[in-house]
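The next block is input-v4.txt, given as compact mmCIF, C-alpha atoms.
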# COMPACT_ATOMS: atom_id res chain seq x y z
CA MET S 1 -7.17 -27.85 24.98
CA ASP S 2 -7.14 -24.68 27.05
CA GLN S 3 -5.73 -22.27 24.48
CA ALA S 4 -5.59 -19.48 27.05
CA LEU S 5 -2.78 -21.29 28.87
CA PHE S 6 -0.54 -21.03 25.81
CA TYR S 7 -1.25 -17.33 25.59
CA GLU S 8 -0.51 -16.93 29.31
CA ASN S 9 2.89 -18.51 28.69
CA ALA S 10 3.40 -15.88 25.97
CA GLY S 11 2.63 -13.01 28.36
CA ILE S 12 -1.11 -12.57 27.72
CA SER S 13 -3.26 -12.60 30.85
CA ARG S 14 -6.47 -14.62 30.91
CA GLU S 15 -8.41 -11.40 31.34
CA THR S 16 -6.95 -9.99 28.11
CA TYR S 17 -7.46 -13.30 26.32
CA ASP S 18 -11.14 -13.50 27.33
CA PHE S 19 -11.73 -9.87 26.34
CA CYS S 20 -10.24 -10.40 22.88
CA LYS S 21 -12.04 -13.72 22.41
CA GLU S 22 -15.34 -11.95 23.04
CA VAL S 23 -14.48 -9.30 20.43
CA LEU S 24 -13.56 -11.98 17.88
CA ALA S 25 -16.95 -13.65 18.26
CA GLN S 26 -18.58 -10.39 17.18
CA ILE S 27 -16.69 -10.09 13.89
CA GLU S 28 -16.67 -13.68 12.60
CA ASP S 29 -19.05 -12.87 9.72
CA ARG S 30 -16.77 -10.07 8.53
CA PHE S 31 -13.90 -12.57 8.37
CA LYS S 32 -15.97 -14.67 5.97
CA GLU S 33 -16.38 -11.62 3.69
CA ILE S 34 -12.61 -11.11 3.65
CA ASP S 35 -12.04 -14.77 2.79
CA ALA S 36 -14.52 -14.53 -0.10
CA VAL S 37 -12.60 -11.58 -1.63
CA SER S 38 -9.31 -13.42 -1.14
CA GLU S 39 -10.67 -16.47 -2.96
CA VAL S 40 -11.64 -14.43 -6.02
CA ASN S 41 -8.24 -12.73 -6.10
CA GLN S 42 -6.41 -16.04 -5.74
CA LEU S 43 -8.25 -17.32 -8.81
CA LYS S 44 -7.32 -14.14 -10.68
CA VAL S 45 -3.62 -14.56 -9.84
CA MET S 46 -3.68 -18.27 -10.65
CA GLU S 47 -5.21 -17.63 -14.05
CA ALA S 48 -2.58 -14.97 -14.78
CA PHE S 49 0.19 -17.50 -14.03
CA ARG S 50 -1.49 -20.04 -16.30
CA LYS S 51 -2.04 -17.56 -19.12
CA ALA S 52 1.61 -16.45 -19.01
CA LYS S 53 2.76 -20.12 -18.93
CA VAL S 54 5.07 -19.57 -15.96
CA SER S 55 7.75 -22.25 -15.75
CA GLU S 56 10.67 -22.99 -13.42
CA TYR S 57 13.21 -21.58 -15.87
CA HIS S 58 11.56 -18.17 -15.42
CA PHE S 59 13.16 -18.06 -11.96
CA ASP S 60 16.70 -18.13 -13.41
CA ARG S 61 19.15 -15.42 -12.40
CA SER S 62 20.34 -12.77 -14.84
CA THR S 63 23.25 -10.38 -14.36
CA GLY S 64 24.93 -7.50 -16.15
CA TYR S 65 22.62 -5.71 -18.55
CA GLY S 66 19.92 -8.36 -18.25
CA TYR S 67 19.30 -8.60 -21.99
CA ASN S 68 16.71 -11.22 -23.05
CA ASP S 69 15.60 -11.86 -19.46
CA ASN S 70 12.59 -14.04 -20.20
CA GLY S 71 11.71 -14.49 -16.53
CA ARG S 72 11.56 -10.74 -15.96
CA ASP S 73 9.49 -10.16 -19.08
CA THR S 74 7.09 -12.99 -18.22
CA LEU S 75 6.60 -11.63 -14.70
CA GLU S 76 5.58 -8.34 -16.27
CA LYS S 77 3.03 -10.20 -18.40
CA VAL S 78 1.64 -11.80 -15.23
CA TYR S 79 1.24 -8.38 -13.62
CA SER S 80 -0.47 -6.98 -16.70
CA TYR S 81 -2.93 -9.90 -16.66
CA VAL S 82 -3.61 -9.60 -12.92
CA PHE S 83 -4.27 -5.85 -13.16
CA ASN S 84 -6.02 -6.03 -16.56
CA THR S 85 -3.66 -3.63 -18.33
CA GLU S 86 -1.80 -3.50 -21.63
CA ASP S 87 1.64 -3.63 -20.06
CA ALA S 88 3.66 -3.62 -16.83
CA LEU S 89 7.06 -2.67 -15.45
CA VAL S 90 8.09 -4.81 -12.45
CA ARG S 91 11.68 -4.34 -11.33
CA PRO S 92 13.94 -4.79 -8.30
CA GLN S 93 15.57 -1.52 -9.40
CA ILE S 94 12.45 0.34 -8.19
CA ALA S 95 13.44 1.09 -4.60
CA SER S 96 10.05 1.90 -3.04
CA GLY S 97 6.47 2.90 -3.66
CA THR S 98 7.52 6.55 -3.71
CA HIS S 99 10.17 5.71 -6.32
CA ALA S 100 7.58 3.90 -8.47
CA ILE S 101 5.20 6.87 -8.25
CA SER S 102 7.99 9.39 -8.91
CA THR S 103 9.15 7.37 -11.93
CA ALA S 104 5.64 7.39 -13.38
CA LEU S 105 5.11 11.12 -12.78
CA PHE S 106 8.45 12.19 -14.27
CA ALA S 107 7.91 9.79 -17.19
CA VAL S 108 4.71 11.40 -18.46
CA LEU S 109 4.82 15.03 -17.27
CA ARG S 110 6.66 17.72 -19.24
CA PRO S 111 7.47 21.41 -18.62
CA GLY S 112 4.25 23.42 -18.78
CA ASP S 113 2.06 20.46 -17.80
CA GLU S 114 -0.06 20.47 -14.66
CA MET S 115 -0.65 17.60 -12.24
CA LEU S 116 -3.99 17.71 -10.43
CA SER S 117 -4.40 15.67 -7.25
CA ILE S 118 -8.12 15.05 -6.71
CA ALA S 119 -7.93 13.26 -3.35
CA GLY S 120 -6.30 16.08 -1.41
CA LYS S 121 -2.60 16.34 -0.70
CA PRO S 122 -0.66 13.16 -1.46
CA TYR S 123 1.44 11.18 0.99
CA ASP S 124 4.20 13.11 2.81
CA THR S 125 7.10 11.54 0.88
CA LEU S 126 5.75 13.02 -2.38
CA ASP S 127 5.95 16.61 -1.09
CA GLU S 128 9.51 17.00 -2.32
CA VAL S 129 8.91 15.00 -5.52
CA ILE S 130 6.13 17.42 -6.49
CA GLY S 131 7.78 20.51 -5.02
CA ILE S 132 5.23 21.22 -2.29
CA ARG S 133 8.33 21.34 -0.09
CA GLU S 134 11.28 22.87 -1.91
CA CYS S 135 13.76 20.27 -3.12
CA SER S 136 16.33 20.17 -5.89
CA GLY S 137 15.13 17.99 -8.76
CA SER S 138 11.40 18.27 -8.03
CA LEU S 139 8.68 18.40 -10.69
CA LYS S 140 8.22 22.05 -9.82
CA GLU S 141 11.88 22.75 -10.65
CA PHE S 142 11.29 21.17 -14.08
CA GLY S 143 8.36 23.48 -14.79
CA VAL S 144 5.49 21.15 -13.87
CA THR S 145 2.77 22.88 -11.88
CA TYR S 146 0.62 21.32 -9.18
CA ALA S 147 -3.04 21.79 -8.32
CA GLN S 148 -5.22 20.10 -5.74
CA ALA S 149 -8.90 19.35 -5.18
CA ASP S 150 -9.69 18.32 -1.63
CA LEU S 151 -12.16 15.62 -0.70
CA THR S 152 -15.51 16.60 0.78
CA ALA S 153 -16.07 16.60 4.54
CA ASP S 154 -17.29 13.00 4.36
CA GLY S 155 -14.23 11.83 2.42
CA LYS S 156 -15.75 11.71 -1.07
CA PHE S 157 -14.51 13.16 -4.35
CA ASP S 158 -15.71 16.75 -4.86
CA LEU S 159 -16.66 16.44 -8.53
CA ASP S 160 -17.72 20.08 -8.89
CA ALA S 161 -14.37 21.29 -7.56
CA ILE S 162 -12.50 18.80 -9.75
CA GLY S 163 -14.37 19.93 -12.87
CA LYS S 164 -13.45 23.56 -12.19
CA LYS S 165 -9.78 22.70 -11.62
CA ILE S 166 -9.28 20.77 -14.87
CA ASN S 167 -7.92 23.03 -17.59
CA GLU S 168 -5.95 22.95 -20.84
CA LYS S 169 -2.69 22.42 -18.91
CA THR S 170 -4.00 19.48 -16.88
CA LYS S 171 -1.99 16.50 -18.15
CA LEU S 172 -2.35 14.06 -15.27
CA ILE S 173 -4.92 13.34 -12.57
CA HIS S 174 -3.39 11.89 -9.41
CA ILE S 175 -5.50 9.67 -7.12
CA GLN S 176 -4.11 8.27 -3.89
CA ARG S 177 -6.18 5.26 -2.93
CA SER S 178 -4.91 4.99 0.64
CA ARG S 179 -5.10 7.69 3.28
CA GLY S 180 -1.38 8.27 3.93
CA TYR S 181 -0.79 10.08 7.22
CA ASP S 182 -4.27 11.57 7.14
CA ILE S 183 -7.57 11.01 8.90
CA ARG S 184 -9.55 10.89 5.68
CA PRO S 185 -10.91 7.44 4.69
CA SER S 186 -9.21 5.27 2.11
CA LEU S 187 -11.00 5.32 -1.22
CA SER S 188 -13.02 2.38 -2.53
CA VAL S 189 -12.52 1.06 -6.04
CA ASP S 190 -16.14 1.99 -6.81
CA GLU S 191 -15.52 5.61 -5.77
CA ILE S 192 -12.35 5.76 -7.85
CA ALA S 193 -14.23 4.29 -10.83
CA ARG S 194 -16.86 7.05 -10.63
CA ALA S 195 -14.15 9.72 -10.40
CA ILE S 196 -12.33 8.30 -13.44
CA LYS S 197 -15.53 8.29 -15.47
CA TYR S 198 -16.17 11.90 -14.51
CA VAL S 199 -12.70 13.31 -15.27
CA LYS S 200 -12.65 11.49 -18.62
CA SER S 201 -15.99 13.12 -19.45
CA VAL S 202 -14.46 16.53 -18.72
CA LYS S 203 -11.15 15.91 -20.51
CA LYS S 204 -10.99 12.70 -22.51
CA ASP S 205 -7.23 12.57 -23.03
CA VAL S 206 -6.18 13.30 -19.42
CA ILE S 207 -3.96 10.60 -17.89
CA VAL S 208 -5.43 9.11 -14.72
CA PHE S 209 -2.72 7.85 -12.38
CA VAL S 210 -3.53 5.87 -9.22
CA ASP S 211 -1.20 5.35 -6.28
CA ASN S 212 -2.36 1.86 -5.35
CA CYS S 213 -0.08 1.31 -2.33
CA TYR S 214 -1.73 -0.78 0.41
CA GLY S 215 -4.83 -1.40 -1.74
CA GLU S 216 -3.93 -4.39 -3.95
CA PHE S 217 -6.31 -7.36 -3.50
CA ALA S 218 -8.40 -5.60 -0.86
CA ASP S 219 -11.33 -5.81 -3.30
CA VAL S 220 -12.26 -8.04 -6.24
CA THR S 221 -11.33 -5.36 -8.81
CA GLU S 222 -8.57 -2.76 -9.11
CA PRO S 223 -8.66 0.84 -10.41
CA THR S 224 -7.18 -0.32 -13.73
CA ASP S 225 -10.29 -2.44 -14.26
CA HIS S 226 -12.21 0.85 -14.35
CA GLY S 227 -10.15 2.99 -16.70
CA ALA S 228 -7.06 4.11 -14.76
CA ASP S 229 -4.32 4.70 -17.35
CA LEU S 230 -1.39 4.14 -15.01
CA MET S 231 -1.03 2.64 -11.53
CA ALA S 232 1.93 1.99 -9.25
CA GLY S 233 2.84 0.31 -5.98
CA SER S 234 5.56 -1.29 -3.90
CA LEU S 235 6.53 -4.96 -3.76
CA ILE S 236 7.31 -4.76 -0.04
CA LYS S 237 3.65 -3.99 0.40
CA ASN S 238 0.70 -6.14 -0.76
CA PRO S 239 1.77 -7.69 -4.08
CA GLY S 240 5.13 -8.92 -2.77
CA GLY S 241 3.35 -11.26 -0.37
CA GLY S 242 6.06 -10.80 2.27
CA LEU S 243 8.67 -12.57 0.11
CA ALA S 244 9.86 -9.78 -2.19
CA GLU S 245 12.88 -8.11 -0.62
CA SER S 246 12.62 -4.93 -2.67
CA GLY S 247 11.09 -3.64 -5.87
CA GLY S 248 8.04 -1.95 -7.25
CA TYR S 249 5.58 -2.12 -10.12
CA ILE S 250 3.92 0.21 -12.60
CA VAL S 251 1.04 -1.07 -14.77
CA GLY S 252 -1.06 0.58 -17.44
CA ARG S 253 -1.18 1.65 -21.08
CA HIS S 254 1.65 0.32 -23.24
CA ASP S 255 2.82 3.74 -24.42
CA LEU S 256 2.97 5.07 -20.85
CA ILE S 257 4.83 2.01 -19.57
CA GLU S 258 7.40 2.51 -22.33
CA LEU S 259 7.95 6.06 -21.06
CA CYS S 260 8.30 4.74 -17.49
CA GLY S 261 10.99 2.33 -18.69
CA TYR S 262 12.90 5.20 -20.30
CA ARG S 263 12.65 7.20 -17.08
CA LEU S 264 13.72 4.30 -14.85
CA ILE S 265 16.70 3.23 -16.97
CA ALA S 266 17.60 5.64 -19.82
CA PRO S 267 15.97 7.08 -22.95
CA GLY S 268 16.38 4.79 -25.94
CA ILE S 269 17.26 1.82 -23.71
CA GLY S 270 14.39 1.51 -21.27
CA ARG S 271 12.96 -1.88 -20.42
CA GLU S 272 15.43 -3.88 -22.52
CA VAL S 273 17.94 -3.88 -19.68
CA GLY S 274 17.77 -4.47 -15.95
CA ALA S 275 19.14 -7.72 -14.51
CA ASN S 276 16.91 -9.58 -12.07
CA MET S 277 19.90 -10.58 -9.87
CA GLY S 278 18.20 -13.74 -8.66
CA VAL S 279 15.07 -12.24 -7.07
CA LEU S 280 12.45 -13.53 -9.51
CA ARG S 281 11.43 -16.62 -7.55
CA SER S 282 10.49 -14.46 -4.56
CA PHE S 283 8.64 -12.01 -6.84
CA TYR S 284 6.59 -14.75 -8.48
CA GLN S 285 5.91 -16.65 -5.27
CA GLY S 286 5.16 -13.47 -3.32
CA LEU S 287 2.54 -12.43 -5.88
CA PHE S 288 1.03 -15.93 -5.76
CA LEU S 289 0.71 -15.74 -1.95
CA SER S 290 -0.41 -12.13 -1.92
CA PRO S 291 -4.23 -12.63 -1.87
CA SER S 292 -3.92 -14.87 1.19
CA VAL S 293 -1.45 -12.57 2.94
CA VAL S 294 -3.61 -9.51 2.23
CA ALA S 295 -6.58 -11.37 3.75
CA SER S 296 -4.55 -11.93 6.95
CA SER S 297 -3.69 -8.23 7.02
CA MET S 298 -7.33 -7.26 6.54
CA LYS S 299 -8.38 -9.53 9.41
CA CYS S 300 -5.66 -8.02 11.57
CA ALA S 301 -6.89 -4.49 10.85
CA LEU S 302 -10.51 -5.44 11.52
CA PHE S 303 -9.61 -7.16 14.81
CA ALA S 304 -7.59 -4.15 15.97
CA ALA S 305 -10.47 -1.82 15.09
CA ALA S 306 -12.99 -3.89 17.03
CA VAL S 307 -10.70 -4.27 20.07
CA TYR S 308 -9.78 -0.61 20.34
CA GLU S 309 -13.35 0.55 19.70
CA LYS S 310 -14.37 -1.53 22.68
CA LEU S 311 -11.58 0.03 24.72
CA GLY S 312 -13.01 3.47 23.92
CA TYR S 313 -10.59 4.76 21.29
CA LYS S 314 -11.56 6.36 18.00
CA VAL S 315 -10.64 4.15 15.03
CA SER S 316 -10.80 4.48 11.26
CA PRO S 317 -12.22 2.58 9.52
CA ALA S 318 -14.69 1.45 12.17
CA SER S 319 -15.18 -2.27 12.69
CA ASP S 320 -18.48 -2.23 10.77
CA GLU S 321 -17.19 -0.21 7.78
CA LYS S 322 -16.12 -1.55 4.39
CA ARG S 323 -12.33 -1.84 4.10
CA ASN S 324 -10.51 -0.52 1.06
CA ASP S 325 -6.90 -1.24 2.06
CA ILE S 326 -4.85 -2.91 4.79
CA ILE S 327 -4.36 0.20 6.96
CA GLN S 328 -5.99 0.68 10.35
CA VAL S 329 -5.83 4.01 12.15
CA ILE S 330 -6.19 4.32 15.91
CA SER S 331 -6.41 7.76 17.51
CA PHE S 332 -4.78 7.74 20.95
CA GLY S 333 -4.96 11.45 21.73
CA ASN S 334 -1.66 11.37 23.64
CA PRO S 335 1.92 10.27 22.90
CA GLU S 336 2.14 7.86 25.85
CA ASP S 337 -0.57 5.45 24.64
CA MET S 338 0.69 5.77 21.07
CA LEU S 339 4.15 4.61 22.17
CA LYS S 340 2.71 1.80 24.34
CA PHE S 341 0.84 0.39 21.34
CA SER S 342 3.99 0.60 19.22
CA ARG S 343 5.94 -1.27 21.88
CA GLY S 344 3.28 -3.97 21.95
CA ILE S 345 3.65 -4.50 18.20
CA GLN S 346 7.45 -4.50 18.39
CA SER S 347 7.61 -6.91 21.33
CA SER S 348 5.39 -9.39 19.47
CA SER S 349 7.51 -9.26 16.30
CA PRO S 350 9.57 -12.24 15.10
CA VAL S 351 12.60 -9.98 14.55
CA ASP S 352 14.02 -7.47 17.07
CA SER S 353 11.31 -8.19 19.62
CA TYR S 354 13.62 -6.87 22.36
CA VAL S 355 13.92 -3.42 20.76
CA VAL S 356 11.97 -0.49 22.23
CA PRO S 357 10.70 1.88 19.49
CA GLU S 358 11.14 5.62 19.99
CA ALA S 359 10.13 8.56 17.80
CA ASP S 360 12.89 10.06 15.64
CA ASP S 361 13.50 12.09 12.49
CA MET S 362 12.89 10.27 9.18
CA PRO S 363 13.76 11.40 5.64
CA GLY S 364 10.71 12.67 3.75
CA TYR S 365 8.73 13.57 6.89
CA ASP S 366 8.35 16.96 8.57
CA SER S 367 7.97 15.67 12.15
CA LYS S 368 9.38 12.89 14.30
CA VAL S 369 7.98 9.45 13.46
CA VAL S 370 7.64 6.34 15.60
CA MET S 371 7.93 3.02 13.80
CA ALA S 372 7.49 -0.51 15.11
CA ALA S 373 8.48 -3.16 12.60
CA GLY S 374 10.26 -6.34 13.55
CA THR S 375 10.14 -7.62 9.99
CA PHE S 376 12.08 -10.15 7.90
CA VAL S 377 12.35 -7.54 5.13
CA SER S 378 13.45 -4.13 6.39
CA GLY S 379 10.59 -1.64 6.13
CA SER S 380 8.15 -4.19 4.74
CA SER S 381 4.63 -2.94 5.42
CA ILE S 382 2.88 -6.13 4.32
CA GLU S 383 4.47 -7.60 7.42
CA LEU S 384 2.83 -6.43 10.65
CA SER S 385 4.06 -2.98 11.54
CA CYS S 386 2.83 0.37 12.74
CA ASP S 387 4.01 3.94 12.45
CA GLY S 388 2.87 7.48 12.86
CA PRO S 389 4.09 11.06 13.24
CA LEU S 390 4.44 12.16 16.84
CA ARG S 391 2.00 15.06 16.57
CA ALA S 392 -1.58 15.68 17.64
CA PRO S 393 -3.99 13.87 17.45
CA TYR S 394 -1.37 11.09 17.90
CA LEU S 395 -2.55 8.66 15.28
CA ILE S 396 -1.04 5.20 14.81
CA PHE S 397 -1.23 3.73 11.32
CA MET S 398 -1.09 -0.06 11.57
CA GLN S 399 -0.74 -2.29 8.53
CA GLY S 400 0.23 -5.75 7.41
CA GLY S 401 0.38 -9.22 8.89
CA LEU S 402 1.68 -12.31 7.12
CA THR S 403 -0.47 -14.72 9.15
CA TRP S 404 -3.70 -14.19 11.05
CA GLN S 405 -2.40 -16.20 14.01
CA HIS S 406 0.53 -13.85 14.51
CA CYS S 407 -1.74 -10.84 14.13
CA LYS S 408 -4.13 -12.13 16.76
CA TYR S 409 -1.30 -12.53 19.26
CA ALA S 410 0.19 -9.13 18.42
CA ILE S 411 -3.06 -7.24 18.98
CA MET S 412 -3.52 -9.05 22.29
CA LYS S 413 0.04 -8.04 23.16
CA THR S 414 -0.75 -4.36 22.52
CA VAL S 415 -3.75 -4.60 24.83
CA GLN S 416 -1.57 -6.23 27.48
CA GLU S 417 1.03 -3.46 27.06
CA MET S 418 -1.67 -0.84 27.58
CA LYS S 419 -2.90 -2.63 30.72
CA ASN S 420 0.60 -3.01 32.09

As structure tokens, what does this structure read like?
Amino acid sequence: MDQALFYENAGISRETYDFCKEVLAQIEDRFKEIDAVSEVNQLKVMEAFRKAKVSEYHFDRSTGYGYNDNGRDTLEKVYSYVFNTEDALVRPQIASGTHAISTALFAVLRPGDEMLSIAGKPYDTLDEVIGIRECSGSLKEFGVTYAQADLTADGKFDLDAIGKKINEKTKLIHIQRSRGYDIRPSLSVDEIARAIKYVKSVKKDVIVFVDNCYGEFADVTEPTDHGADLMAGSLIKNPGGGLAESGGYIVGRHDLIELCGYRLIAPGIGREVGANMGVLRSFYQGLFLSPSVVASSMKCALFAAAVYEKLGYKVSPASDEKRNDIIQVISFGNPEDMLKFSRGIQSSSPVDSYVVPEADDMPGYDSKVVMAAGTFVSGSSIELSCDGPLRAPYLIFMQGGLTWQHCKYAIMKTVQEMKN
């Protein structure tokens, strides 16, 4: 079978096909490493399902207040087992990763407390939550102060700077695992583990919070395996497996999860209410598929890195670097190539493939943003998508991919778009 003919029928020239095939041959061993991590994580998820005794009746719909929702409560047990924590809060009422993070921060911080971010400035959408950009209802407005320790020039934790920043007011340490809209590398679980050990040696009772968005199942352990007290993420990213239509999770210490429940719902009521509204089957099944889907996303990112390195662009992480999340950054240096790549991703999407992405204003961002995402779930970044602020150095942040086969075609399509 001449596979190239099928790609030609899909708009990929033989020249592009041969070029990408040559690149793939060079990264086959790295694909085996990704599969090995995925296998370990699949076993971890499977054992969590078994330990929680998941049954079909756990998928039943609840409405109204959602009292005695056994399916919801069992799902939260599964998450606590997967992430090796005392407790979990997993709800469709959590609208996004930013909402999950905001819920956790407001749950544990009080007037007079200080939040210290030790991986530099957090993701753009937290600026107004924290009060870095003025906004009504921010932590700053409620009397919570913010401090920051930047990473070193090589993207590592600056332990000396962190030690000097921690003081009697420091209540919570914030660690963002992924890079956000930044050129700094994503943080490995091992690096986060060393940072947690250090900050606990400086101040034993400080709460370590990890923003785990984009990082779930990228490695065989998670930050909560290494002492993180609280961790949050979005279900339309990794752990939703492409099936969850909304929602988020927070996992960690039981007392802190109780506070998160009070913040999400209401004091004195908390986790006892919150109807599942018929989404539990997709939440369970999405989590079950997640290790495999994350592996596809990791392969997609690696392939894109190798292809665009060979084309002469600067990429991060490089094709020979260890990967700590599903995000791949490509530096185009100009808006034209950045938009061409975005159009290649959009035109190879299963949904809205005919749409041409353009940069526009987005809530939570301080510059125009281009987004390409022809996804089954709106905004889902475990499905193949890319985005980036239209500002120098014109970086595209690509993430996701439900199947490797689709990812392979999509990256070829971006190359073809660049050639055209």

Quiz item: Nearest to Thr224 of chain S among S:Cys260, S:Ala88, S:Val355, S:Ala410, with distances taken over all atoms listed in the file: which residue is it?
Solution: S:Ala88

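Computed from the coordinates, the atom CA of Asn41 of chain S to atom CA of Glu216 of chain S distance equals 9.6 Å.
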
Practice problem: Point out the residue among S:Ile118, S:Val144, S:Ile183, S:Val206 with the least atom-to-atom distance to Ala392 of chain S, counting only C-alpha atoms. | Solution: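 That would be S:Ile183, the residue with the smallest distance to Ala392 of chain S.
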
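Every protein or nucleic acid residue with an atom no more than 12 Å from Ile132 of chain S, counting only C-alpha atoms and leaving out same-chain residues fewer than 2 positions away, appears here: Lys121, Pro122, Tyr123, Asp124, Thr125, Leu126, Asp127, Glu128, Val129, Ile130, Glu134, Cys135, Ser136, Ser138, Leu139, Lys140, Glu141, Val144, Thr145, Tyr146, Ala147, Gln148 and Gly364 of chain S.
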
Quiz prompt | Atomic distance atom CA of Ser378 of chain S - atom CA of Glu272 of chain S, expressed in Å with one decimal | solution = 29.0 Å

Completed segment 181-198 of chain S (N, CA and C atoms) as an mmCIF file, in the coordinates of the input:
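Output file selection26.cif is given in full below:
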data_model
loop_
_atom_site.group_PDB
_atom_site.id
_atom_site.type_symbol
_atom_site.label_atom_id
_atom_site.label_comp_id
_atom_site.auth_asym_id
_atom_site.auth_seq_id
_atom_site.Cartn_x
_atom_site.Cartn_y
_atom_site.Cartn_z
ATOM 1 N N TYR S 181 -0.722 9.626 5.823
ATOM 2 C CA TYR S 181 -0.790 10.080 7.220
ATOM 3 C C TYR S 181 -1.912 11.112 7.349
ATOM 4 N N ASP S 182 -3.132 10.666 7.122
ATOM 5 C CA ASP S 182 -4.270 11.570 7.140
ATOM 6 C C ASP S 182 -5.442 10.842 7.787
ATOM 7 N N ILE S 183 -6.401 11.625 8.266
ATOM 8 C CA ILE S 183 -7.570 11.010 8.900
ATOM 9 C C ILE S 183 -8.687 10.728 7.913
ATOM 10 N N ARG S 184 -8.490 11.134 6.650
ATOM 11 C CA ARG S 184 -9.550 10.890 5.680
ATOM 12 C C ARG S 184 -9.617 9.388 5.368
ATOM 13 N N PRO S 185 -10.797 8.875 4.973
ATOM 14 C CA PRO S 185 -10.910 7.440 4.690
ATOM 15 C C PRO S 185 -10.159 7.051 3.419
ATOM 16 N N SER S 186 -9.752 5.801 3.362
ATOM 17 C CA SER S 186 -9.210 5.270 2.110
ATOM 18 C C SER S 186 -10.346 5.186 1.103
ATOM 19 N N LEU S 187 -9.991 5.239 -0.169
ATOM 20 C CA LEU S 187 -11.000 5.320 -1.220
ATOM 21 C C LEU S 187 -11.329 3.931 -1.769
ATOM 22 N N SER S 188 -12.602 3.656 -1.958
ATOM 23 C CA SER S 188 -13.020 2.380 -2.530
ATOM 24 C C SER S 188 -12.785 2.371 -4.026
ATOM 25 N N VAL S 189 -12.685 1.191 -4.593
ATOM 26 C CA VAL S 189 -12.520 1.060 -6.040
ATOM 27 C C VAL S 189 -13.740 1.636 -6.754
ATOM 28 N N ASP S 190 -14.922 1.440 -6.200
ATOM 29 C CA ASP S 190 -16.140 1.990 -6.810
ATOM 30 C C ASP S 190 -16.096 3.511 -6.872
ATOM 31 N N GLU S 191 -15.625 4.150 -5.789
ATOM 32 C CA GLU S 191 -15.520 5.610 -5.770
ATOM 33 C C GLU S 191 -14.506 6.096 -6.806
ATOM 34 N N ILE S 192 -13.377 5.399 -6.880
ATOM 35 C CA ILE S 192 -12.350 5.760 -7.850
ATOM 36 C C ILE S 192 -12.884 5.603 -9.268
ATOM 37 N N ALA S 193 -13.650 4.533 -9.502
ATOM 38 C CA ALA S 193 -14.230 4.290 -10.830
ATOM 39 C C ALA S 193 -15.146 5.444 -11.232
ATOM 40 N N ARG S 194 -15.959 5.934 -10.316
ATOM 41 C CA ARG S 194 -16.860 7.050 -10.630
ATOM 42 C C ARG S 194 -16.061 8.329 -10.931
ATOM 43 N N ALA S 195 -14.984 8.539 -10.177
ATOM 44 C CA ALA S 195 -14.150 9.720 -10.400
ATOM 45 C C ALA S 195 -13.462 9.658 -11.767
ATOM 46 N N ILE S 196 -12.980 8.473 -12.135
ATOM 47 C CA ILE S 196 -12.330 8.300 -13.440
ATOM 48 C C ILE S 196 -13.319 8.594 -14.561
ATOM 49 N N LYS S 197 -14.507 8.057 -14.448
ATOM 50 C CA LYS S 197 -15.530 8.290 -15.470
ATOM 51 C C LYS S 197 -15.824 9.780 -15.605
ATOM 52 N N TYR S 198 -15.863 10.474 -14.474
ATOM 53 C CA TYR S 198 -16.170 11.900 -14.510
ATOM 54 C C TYR S 198 -15.048 12.709 -15.161
#
